[in-house]
>>> print(open('run19.txt').read())   # compact mmCIF, C-alpha atoms
# COMPACT_ATOMS: atom_id res chain seq x y z
CA MET Y 1 -128.42 38.84 71.16
CA SER Y 2 -128.74 35.79 73.26
CA PRO Y 3 -128.05 36.26 76.97
CA VAL Y 4 -125.07 33.89 76.97
CA ILE Y 5 -123.30 36.02 74.33
CA VAL Y 6 -123.79 39.09 76.51
CA SER Y 7 -122.50 37.40 79.66
CA LEU Y 8 -119.54 35.92 77.74
CA PHE Y 9 -118.56 39.37 76.53
CA TRP Y 10 -118.97 40.99 79.95
CA SER Y 11 -117.06 38.22 81.76
CA PHE Y 12 -114.09 38.38 79.41
CA PHE Y 13 -114.17 42.18 79.37
CA LYS Y 14 -113.71 42.06 83.17
CA VAL Y 15 -110.86 39.57 82.74
CA GLY Y 16 -109.15 41.93 80.28
CA LEU Y 17 -109.77 45.00 82.41
CA PHE Y 18 -108.30 43.56 85.60
CA THR Y 19 -105.40 41.57 84.17
CA ILE Y 20 -102.60 43.91 85.13
CA GLY Y 21 -99.07 42.83 84.32
CA GLY Y 22 -100.16 40.15 81.88
CA GLY Y 23 -99.29 36.48 81.92
CA TYR Y 24 -100.84 34.45 84.70
CA ALA Y 25 -102.57 37.48 86.22
CA MET Y 26 -105.63 36.45 84.20
CA ILE Y 27 -105.87 32.95 85.71
CA PRO Y 28 -107.67 33.87 88.98
CA LEU Y 29 -110.06 36.21 87.12
CA MET Y 30 -110.91 33.71 84.40
CA GLU Y 31 -111.28 30.95 86.97
CA ALA Y 32 -113.70 33.07 89.05
CA GLU Y 33 -115.82 34.03 86.03
CA VAL Y 34 -115.85 30.76 84.11
CA ILE Y 35 -115.96 28.23 86.98
CA ASP Y 36 -117.33 29.97 90.09
CA THR Y 37 -119.69 32.67 88.81
CA HIS Y 38 -121.16 31.04 85.72
CA GLY Y 39 -120.29 27.34 86.03
CA TRP Y 40 -119.47 27.22 82.31
CA LEU Y 41 -116.61 24.76 82.83
CA SER Y 42 -115.35 22.36 85.50
CA ALA Y 43 -111.93 23.02 87.02
CA ALA Y 44 -110.51 20.05 85.08
CA GLU Y 45 -111.89 21.36 81.76
CA PHE Y 46 -110.49 24.81 82.55
CA LEU Y 47 -107.03 23.31 83.16
CA ASP Y 48 -107.27 21.36 79.88
CA ILE Y 49 -108.02 24.60 78.03
CA ILE Y 50 -105.12 26.42 79.71
CA ALA Y 51 -102.87 23.52 78.69
CA VAL Y 52 -104.02 23.86 75.07
CA ALA Y 53 -103.59 27.66 75.28
CA GLU Y 54 -100.00 27.10 76.48
CA MET Y 55 -99.08 24.71 73.66
CA THR Y 56 -100.43 26.92 70.88
CA PRO Y 57 -98.73 30.13 69.72
CA GLY Y 58 -99.95 33.55 70.81
CA PRO Y 59 -100.99 35.18 74.10
CA ILE Y 60 -102.37 32.57 76.54
CA SER Y 61 -105.44 34.52 77.62
CA ILE Y 62 -106.50 35.23 74.04
CA ASN Y 63 -106.06 31.55 73.19
CA ALA Y 64 -108.07 30.52 76.24
CA ALA Y 65 -110.77 33.12 75.55
CA THR Y 66 -111.24 31.85 71.99
CA PHE Y 67 -111.45 28.22 73.11
CA ILE Y 68 -113.89 28.89 75.97
CA GLY Y 69 -116.05 31.13 73.77
CA TYR Y 70 -116.28 28.43 71.12
CA ARG Y 71 -117.22 25.80 73.71
CA MET Y 72 -120.01 27.99 75.02
CA ALA Y 73 -121.48 29.53 71.87
CA GLY Y 74 -119.67 28.42 68.70
CA VAL Y 75 -117.82 30.80 66.40
CA ALA Y 76 -119.84 33.81 67.56
CA GLY Y 77 -118.92 32.97 71.16
CA ALA Y 78 -115.23 32.68 70.25
CA LEU Y 79 -115.21 36.05 68.54
CA ILE Y 80 -117.12 37.75 71.35
CA THR Y 81 -114.88 36.41 74.16
CA THR Y 82 -111.76 37.40 72.24
CA LEU Y 83 -113.14 40.85 71.59
CA GLY Y 84 -114.10 41.11 75.26
CA VAL Y 85 -110.62 40.25 76.51
CA ILE Y 86 -108.82 42.68 74.16
CA ALA Y 87 -111.38 45.53 74.30
CA PRO Y 88 -110.10 47.10 77.57
CA SER Y 89 -106.55 47.32 76.16
CA LEU Y 90 -107.81 48.85 72.93
CA ILE Y 91 -110.07 51.38 74.64
CA LEU Y 92 -107.53 52.43 77.25
CA LEU Y 93 -104.48 52.60 75.00
CA LEU Y 94 -106.12 54.07 71.91
CA LEU Y 95 -108.24 56.70 73.63
CA LEU Y 96 -106.70 57.38 77.02
CA ALA Y 97 -103.00 56.58 76.54
CA ARG Y 98 -101.79 60.09 77.37
CA VAL Y 99 -103.98 60.52 80.45
CA LEU Y 100 -103.03 57.09 81.78
CA PHE Y 101 -99.35 57.64 81.14
CA ARG Y 102 -99.46 60.77 83.27
CA LEU Y 103 -101.50 58.93 85.88
CA ILE Y 104 -99.05 56.04 86.31
CA GLN Y 105 -96.18 58.45 86.84
CA ASN Y 106 -97.97 59.80 89.89
CA PRO Y 107 -96.49 58.36 93.13
CA GLY Y 108 -99.97 57.47 94.40
CA ALA Y 109 -100.59 55.33 91.33
CA ASN Y 110 -97.33 53.60 92.03
CA SER Y 111 -98.39 52.73 95.59
CA PHE Y 112 -101.75 51.53 94.27
CA LEU Y 113 -100.06 49.29 91.71
CA ASN Y 114 -97.68 47.95 94.35
CA GLY Y 115 -100.56 46.96 96.59
CA LEU Y 116 -102.42 45.52 93.63
CA ARG Y 117 -99.43 43.38 92.71
CA SER Y 118 -99.29 41.99 96.25
CA ALA Y 119 -102.95 41.05 95.84
CA LEU Y 120 -102.21 39.50 92.48
CA ILE Y 121 -99.58 37.17 93.91
CA ALA Y 122 -102.01 36.09 96.64
CA LEU Y 123 -104.70 35.43 94.02
CA ILE Y 124 -102.44 33.40 91.75
CA LEU Y 125 -101.32 31.26 94.70
CA LEU Y 126 -104.94 30.73 95.66
CA ALA Y 127 -105.86 29.81 92.07
CA ALA Y 128 -103.06 27.22 92.01
CA PHE Y 129 -104.44 25.77 95.23
CA ASN Y 130 -108.07 25.71 94.00
CA LEU Y 131 -107.23 24.24 90.60
CA GLY Y 132 -104.79 21.81 92.19
CA GLN Y 133 -107.70 20.05 93.84
CA ALA Y 134 -109.01 19.07 90.41
CA ALA Y 135 -105.60 18.13 89.02
CA LEU Y 136 -103.79 16.39 91.86
CA ILE Y 137 -106.10 13.42 92.22
CA ASP Y 138 -103.74 10.52 92.93
CA PHE Y 139 -100.10 9.69 93.55
CA PRO Y 140 -98.76 10.12 89.97
CA THR Y 141 -100.44 13.50 89.45
CA ALA Y 142 -99.15 14.75 92.81
CA ALA Y 143 -95.67 13.54 91.87
CA ILE Y 144 -95.84 15.30 88.48
CA PHE Y 145 -96.78 18.54 90.23
CA ILE Y 146 -94.00 18.27 92.82
CA LEU Y 147 -91.38 17.36 90.21
CA LEU Y 148 -92.26 20.23 87.87
CA PHE Y 149 -92.76 22.78 90.62
CA ALA Y 150 -89.36 21.85 92.12
CA ALA Y 151 -87.79 22.15 88.65
CA SER Y 152 -89.25 25.66 88.29
CA LEU Y 153 -87.56 26.71 91.53
CA VAL Y 154 -84.19 25.56 90.24
CA LYS Y 155 -84.33 27.16 86.80
CA ALA Y 156 -86.73 29.29 84.76
CA PHE Y 157 -87.65 26.72 82.11
CA SER Y 158 -89.90 27.69 79.20
CA PRO Y 159 -93.54 26.70 79.82
CA LEU Y 160 -93.26 24.48 76.76
CA TYR Y 161 -90.96 22.09 78.65
CA PHE Y 162 -93.57 21.83 81.41
CA ILE Y 163 -96.26 21.08 78.86
CA ALA Y 164 -94.14 18.46 77.08
CA ALA Y 165 -93.12 16.84 80.38
CA GLY Y 166 -96.70 16.84 81.69
CA ALA Y 167 -98.10 15.21 78.57
CA LEU Y 168 -95.33 12.61 78.44
CA LEU Y 169 -95.60 11.71 82.13
CA GLY Y 170 -99.38 11.56 81.75
CA LEU Y 171 -99.05 9.05 78.91
CA ILE Y 172 -96.70 6.93 81.03
CA PHE Y 173 -98.56 6.98 84.34
CA PHE Y 174 -102.25 7.20 83.30
CA PRO Y 175 -104.23 4.37 84.95
CA TYR Y 176 -105.35 2.88 81.62
CA MET I 1 -90.24 59.41 68.00
CA ASN I 2 -87.23 59.12 65.74
CA ASN I 3 -89.15 57.57 62.90
CA THR I 4 -90.49 59.80 60.15
CA ARG I 5 -91.18 57.12 57.56
CA LYS I 6 -94.84 56.13 57.32
CA GLU I 7 -95.19 52.39 57.49
CA SER I 8 -98.08 50.88 55.57
CA LEU I 9 -100.82 49.27 57.63
CA LEU I 10 -100.20 46.02 55.77
CA THR I 11 -96.56 45.99 56.89
CA ILE I 12 -97.65 46.53 60.49
CA LEU I 13 -100.26 43.79 60.18
CA PHE I 14 -97.74 41.27 58.82
CA ALA I 15 -95.12 42.09 61.43
CA PHE I 16 -97.55 41.32 64.25
CA LEU I 17 -99.19 38.36 62.51
CA LYS I 18 -95.73 36.79 62.46
CA VAL I 19 -95.29 37.48 66.19
CA GLY I 20 -98.73 36.06 67.01
CA ALA I 21 -98.38 32.98 64.85
CA PHE I 22 -94.90 31.80 65.75
CA THR I 23 -94.34 32.69 69.40
CA PHE I 24 -95.13 30.10 72.04
CA GLY I 25 -95.38 30.49 75.79
CA GLY I 26 -97.42 33.63 76.41
CA GLY I 27 -96.59 37.23 77.24
CA TYR I 28 -93.15 36.99 78.78
CA ALA I 29 -91.97 34.81 75.88
CA ILE I 30 -93.55 37.10 73.28
CA LEU I 31 -92.09 40.42 74.48
CA PRO I 32 -88.47 39.58 73.50
CA VAL I 33 -89.71 38.52 70.06
CA ILE I 34 -91.61 41.80 69.60
CA ARG I 35 -88.51 43.68 70.68
CA GLN I 36 -86.35 41.80 68.18
CA GLU I 37 -88.85 42.54 65.43
CA VAL I 38 -89.58 46.22 66.07
CA VAL I 39 -86.29 47.44 67.55
CA PHE I 40 -83.67 45.42 65.69
CA ASN I 41 -85.21 43.99 62.50
CA ARG I 42 -87.49 46.84 61.45
CA LYS I 43 -86.01 49.70 63.52
CA TRP I 44 -89.46 51.12 64.14
CA VAL I 45 -88.64 52.29 67.66
CA SER I 46 -85.40 52.75 69.60
CA ASN I 47 -84.45 50.58 72.54
CA ASP I 48 -85.26 53.45 74.93
CA VAL I 49 -88.70 53.98 73.47
CA PHE I 50 -89.32 50.25 73.74
CA ALA I 51 -88.36 50.40 77.43
CA ASP I 52 -90.94 53.18 77.96
CA ILE I 53 -93.52 51.09 76.12
CA LEU I 54 -92.77 48.17 78.45
CA ILE I 55 -93.37 50.29 81.55
CA ILE I 56 -96.82 51.28 80.28
CA THR I 57 -97.47 47.71 79.12
CA GLN I 58 -96.88 46.34 82.60
CA SER I 59 -98.84 49.01 84.49
CA MET I 60 -101.92 48.88 82.28
CA PRO I 61 -104.69 46.33 82.11
CA GLY I 62 -104.44 43.78 79.34
CA GLN I 63 -102.16 41.22 77.78
CA LEU I 64 -98.46 42.11 77.57
CA ALA I 65 -98.05 41.25 73.89
CA LEU I 66 -101.26 43.03 72.97
CA ASN I 67 -100.49 46.19 74.95
CA SER I 68 -97.03 46.58 73.48
CA ALA I 69 -98.28 45.84 69.94
CA ILE I 70 -101.00 48.50 70.22
CA GLN I 71 -98.53 51.13 71.42
CA ILE I 72 -96.06 50.38 68.63
CA GLY I 73 -98.84 50.43 66.03
CA MET I 74 -99.98 53.80 67.39
CA ARG I 75 -96.51 55.26 67.19
CA LEU I 76 -96.30 54.27 63.53
CA ARG I 77 -99.79 55.07 62.25
CA GLY I 78 -101.95 56.48 65.03
CA ILE I 79 -105.22 54.83 66.01
CA SER I 80 -105.55 52.76 62.84
CA GLY I 81 -101.99 51.49 63.39
CA GLY I 82 -102.89 50.47 66.93
CA ILE I 83 -105.98 48.59 65.81
CA ILE I 84 -104.11 46.82 63.01
CA ALA I 85 -101.30 45.78 65.38
CA ALA I 86 -103.88 44.40 67.83
CA LEU I 87 -105.53 42.50 65.00
CA GLY I 88 -102.18 41.09 63.91
CA VAL I 89 -101.26 39.77 67.33
CA THR I 90 -104.77 38.35 67.97
CA LEU I 91 -105.79 36.84 64.63
CA PRO I 92 -103.42 33.83 64.59
CA SER I 93 -104.63 32.82 68.08
CA VAL I 94 -108.27 33.02 67.03
CA ILE I 95 -107.75 30.99 63.85
CA ILE I 96 -105.57 28.31 65.45
CA LEU I 97 -107.78 27.91 68.53
CA LEU I 98 -110.95 27.80 66.43
CA ILE I 99 -109.47 24.95 64.40
CA ILE I 100 -108.57 23.09 67.60
CA ALA I 101 -111.85 23.80 69.41
CA ALA I 102 -114.06 23.04 66.41
CA TRP I 103 -112.33 20.04 64.86
CA LEU I 104 -109.42 18.55 66.78
CA TYR I 105 -110.70 18.69 70.35
CA PRO I 106 -114.16 17.13 69.79
CA TYR I 107 -112.62 14.45 67.57
CA TYR I 108 -109.75 13.43 69.85
CA ARG I 109 -111.20 14.25 73.27
CA ASP I 110 -112.37 10.71 73.95
CA SER I 111 -109.17 9.05 72.78
CA GLN I 112 -107.48 7.20 75.59
CA TYR I 113 -104.11 8.76 74.78
CA VAL I 114 -105.46 12.30 74.78
CA GLN I 115 -107.12 11.57 78.14
CA ALA I 116 -103.79 10.26 79.42
CA ALA I 117 -101.91 13.34 78.19
CA PHE I 118 -104.37 15.69 79.90
CA TYR I 119 -104.15 13.61 83.09
CA GLY I 120 -100.48 14.65 83.22
CA LEU I 121 -101.00 18.12 81.74
CA ARG I 122 -103.35 19.25 84.51
CA PRO I 123 -100.78 18.98 87.34
CA ALA I 124 -98.20 20.47 84.95
CA VAL I 125 -100.40 23.54 84.43
CA VAL I 126 -100.96 23.85 88.19
CA ALA I 127 -97.16 23.71 88.62
CA LEU I 128 -96.81 26.51 86.03
CA ILE I 129 -99.35 28.66 87.87
CA ALA I 130 -97.72 28.06 91.27
CA ALA I 131 -94.29 28.73 89.77
CA ALA I 132 -95.59 31.99 88.28
CA ALA I 133 -96.79 33.12 91.71
CA ILE I 134 -93.40 32.34 93.27
CA LYS I 135 -91.49 34.04 90.46
CA MET I 136 -93.70 37.14 90.63
CA GLY I 137 -93.26 37.20 94.39
CA LYS I 138 -89.47 37.14 94.03
CA ASP I 139 -89.51 39.85 91.37
CA ILE I 140 -92.06 42.12 92.95
CA LEU I 141 -92.24 41.72 96.70
CA HIS I 142 -89.29 43.45 98.26
CA GLY I 143 -89.18 43.79 102.00
CA ILE I 144 -91.42 42.64 104.77
CA ARG I 145 -94.33 45.02 104.05
CA GLY I 146 -95.13 43.53 100.67
CA ILE I 147 -94.98 40.00 102.06
CA ILE I 148 -97.24 40.88 105.00
CA LEU I 149 -99.74 42.60 102.70
CA CYS I 150 -99.70 39.59 100.38
CA GLY I 151 -100.31 37.26 103.35
CA ILE I 152 -103.19 39.38 104.71
CA LEU I 153 -104.82 39.56 101.27
CA LEU I 154 -104.43 35.80 100.80
CA ALA I 155 -106.13 35.14 104.15
CA ALA I 156 -108.87 37.68 103.34
CA ALA I 157 -109.45 36.12 99.92
CA ILE I 158 -109.75 32.61 101.39
CA ILE I 159 -112.06 33.66 104.24
CA SER I 160 -114.30 36.03 102.27
CA GLN I 161 -114.40 34.01 99.01
CA ALA I 162 -114.57 37.45 97.38
CA HIS I 163 -114.33 37.92 93.63
CA PRO I 164 -110.68 38.49 92.56
CA ILE I 165 -111.57 41.98 91.30
CA LEU I 166 -112.51 43.00 94.86
CA VAL I 167 -109.28 41.54 96.22
CA LEU I 168 -107.24 43.44 93.60
CA VAL I 169 -108.99 46.73 94.37
CA ALA I 170 -108.60 46.14 98.13
CA GLY I 171 -104.89 45.45 97.55
CA GLY I 172 -104.52 48.65 95.55
CA ILE I 173 -106.25 50.74 98.22
CA ALA I 174 -104.17 49.10 100.96
CA GLY I 175 -101.11 49.90 98.86
CA LEU I 176 -101.96 53.62 98.94
CA PHE I 177 -101.51 53.63 102.72
CA PHE I 178 -99.10 50.78 103.23
CA CYS I 179 -96.70 50.79 100.29
CA ARG I 180 -95.85 54.45 99.97
CA GLU I 181 -92.16 53.90 100.58
CA GLY I 182 -92.30 50.93 98.28
CA CYS I 183 -93.13 47.53 99.67
CA CYS I 184 -92.58 46.24 96.20
CA LYS I 185 -90.13 47.04 93.49
>>> encode(input="run19.txt", output="structure tokens")
Amino acid sequence: MSPVIVSLFWSFFKVGLFTIGGGYAMIPLMEAEVIDTHGWLSAAEFLDIIAVAEMTPGPISINAATFIGYRMAGVAGALITTLGVIAPSLILLLLLARVLFRLIQNPGANSFLNGLRSALIALILLAAFNLGQAALIDFPTAAIFILLFAASLVKAFSPLYFIAAGALLGLIFFPY
Amino acid sequence: MNNTRKESLLTILFAFLKVGAFTFGGGYAILPVIRQEVVFNRKWVSNDVFADILIITQSMPGQLALNSAIQIGMRLRGISGGIIAALGVTLPSVIILLIIAAWLYPYYRDSQYVQAAFYGLRPAVVALIAAAAIKMGKDILHGIRGIILCGILLAAAIISQAHPILVLVAGGIAGLFFCREGCCK
């Protein structure tokens, strides 16, 4: 197997293994692996792929894994990244479900998870800041961010509205 | 488990293919759809069992939709049920994203309008990520201890430039000492 296939699998396996609580928990991990550690994508390309992963059906991290894997190593890459990101769930739930269930009922595990969730919030904030530097490049993009972020504080809109609004505002304000 | 009927693997596969193919917006949007399908439409598990499944789903590594699908598949047909449910929820993503990555994206990437849309989509995605952090903070961080821990970890992450995995593990270990009476929910 080519080395890139191996590192793709291992990177996405780590993403799957440390995404606890789902959703955007995977963003800081994927960003660290794909942009910082391996330099596979630029921050702007990564954001484009997350946008595509948001507008297509299915879990966002599986969508993003497939897209990034294909970009790096074609169909084999797409299959290997997807397998990597779902493998930890499969292994843990299929083989160790009973042990883990007992473990998470332990008060110590609860404290550990509480601390981990505090870390997760810090990491997601930091990821927004890091990726923001590639996205907020002029006045219109900064305004789009502020508008949509403010809207999210008022009401929990579906991500699809954010995607539709972002694309529409981009089409209007792009410096053609 | 209150279900004695053996569901066929094909039925399980189709149920989760439908969830994977038609639900937009990621984990938190998919969970209510899975619940509708398995609790109300197909009556595979009771509401209480689904609540237990959600607790495990949110405390375990992995995607929310995937983790709950695997557990429901396992309850119906053991390990093969779990694998089939995982396949069902994953396969539509793989097929759709392969089509986009292989054909649509290379073909349209250089179009001026696609460039313009992504110019606006990037700040929109950053807004989604920032909003997710704020929402999680509101849901999870209760009391001053959780907020202080979050602030310390944020500063440590910025200064050390450590890999997120290290920050998560450090947070968990700090939680063992610091969050025993619950700094979070």
>>> atom_distance(input="run19.txt", atom1="atom CA of Ala150 of chain Y", atom2="atom CA of Gly143 of chain I")
24.1 Å
>>> closest_residue(input="run19.txt", among="Y:Leu93, Y:Ala51, Y:Met26, Y:Ala76", to="Ile83 of chain I", atoms="only C-alpha atoms")
Y:Leu93
>>> closest_residue(input="run19.txt", among="I:Ile140, I:Ala15, I:Ala133, I:Ala86", to="Leu125 of chain Y", atoms="all atoms listed in the file")
I:Ala133
>>> axis_aligned_box(input="run19.txt", around="segment 27-43 of chain I", padding_each_side="8 Å", output="AutoDock Vina command-line options")
--center_x -90.1 --center_y 42.3 --center_z 70.1 --size_x 28.9 --size_y 30.9 --size_z 33.3
>>> residues_around(input="run19.txt", residues="segment 157-164 of chain Y", least_positions_apart="2", cutoff="8 Å", atoms="only C-alpha atoms", output="VMD selection string")
(chain Y and resid 51 54 to 55 148 151 to 152 155 166 to 168) or (chain I and resid 24 to 25 121 124 to 125 128)
>>> residues_around(input="run19.txt", residues="Leu64 of chain I", least_positions_apart="2", cutoff="9 Å", atoms="only C-alpha atoms", output="list of chain:residue names")
Y:Ile20, Y:Gly21, Y:Gly22, Y:Gly23, Y:Pro59, I:Gly26, I:Gly27, I:Tyr28, I:Ile30, I:Leu31, I:Leu54, I:Thr57, I:Gln58, I:Met60, I:Pro61, I:Gly62, I:Leu66, I:Asn67, I:Ser68, I:Ala69
>>> residues_near_point(input="run19.txt", point="(-93.9, 43.3, 65.2)", cutoff="6 Å", atoms="only C-alpha atoms", output="MDAnalysis selection string")
chainID I and resid 15:16 34 37:38
>>> atom_distance(input="run19.txt", atom1="atom CA of Ile95 of chain I", atom2="atom CA of Thr66 of chain Y")
8.9 Å
>>> atom_distance(input="run19.txt", atom1="atom CA of Thr37 of chain Y", atom2="atom CA of Leu79 of chain Y")
21.0 Å
>>> residues_around(input="run19.txt", residues="Val49 of chain I", least_positions_apart="2", cutoff="10 Å", atoms="all atoms listed in the file", output="PyMOL selection string")
chain I and resi 1-2+39+44-47+51-54+72
>>> closest_residue(input="run19.txt", among="I:Leu104, I:Ala155, I:Ala116, I:Ile148", to="chain Y", atoms="all atoms listed in the file")
I:Ala116
>>> residues_around(input="run19.txt", residues="segment 99-109 of chain Y", least_positions_apart="2", cutoff="12 Å", atoms="all atoms listed in the file", output="VMD selection string")
(chain Y and resid 89 91 to 97 111 to 116) or (chain I and resid 52 to 61 71 172 to 182)
>>> closest_residue(input="run19.txt", among="Y:Leu29, Y:Val52, Y:Ile172, Y:Ala143", to="Leu98 of chain I", atoms="all atoms listed in the file")
Y:Val52
>>> residues_around(input="run19.txt", residues="Lys138 of chain I", least_positions_apart="6", cutoff="12 Å", atoms="all atoms listed in the file", output="count of residues only")
10
>>> closest_residue(input="run19.txt", among="Y:Trp40, Y:Phe46, Y:Phe145, Y:Phe9", to="chain I", atoms="all atoms listed in the file")
Y:Phe145
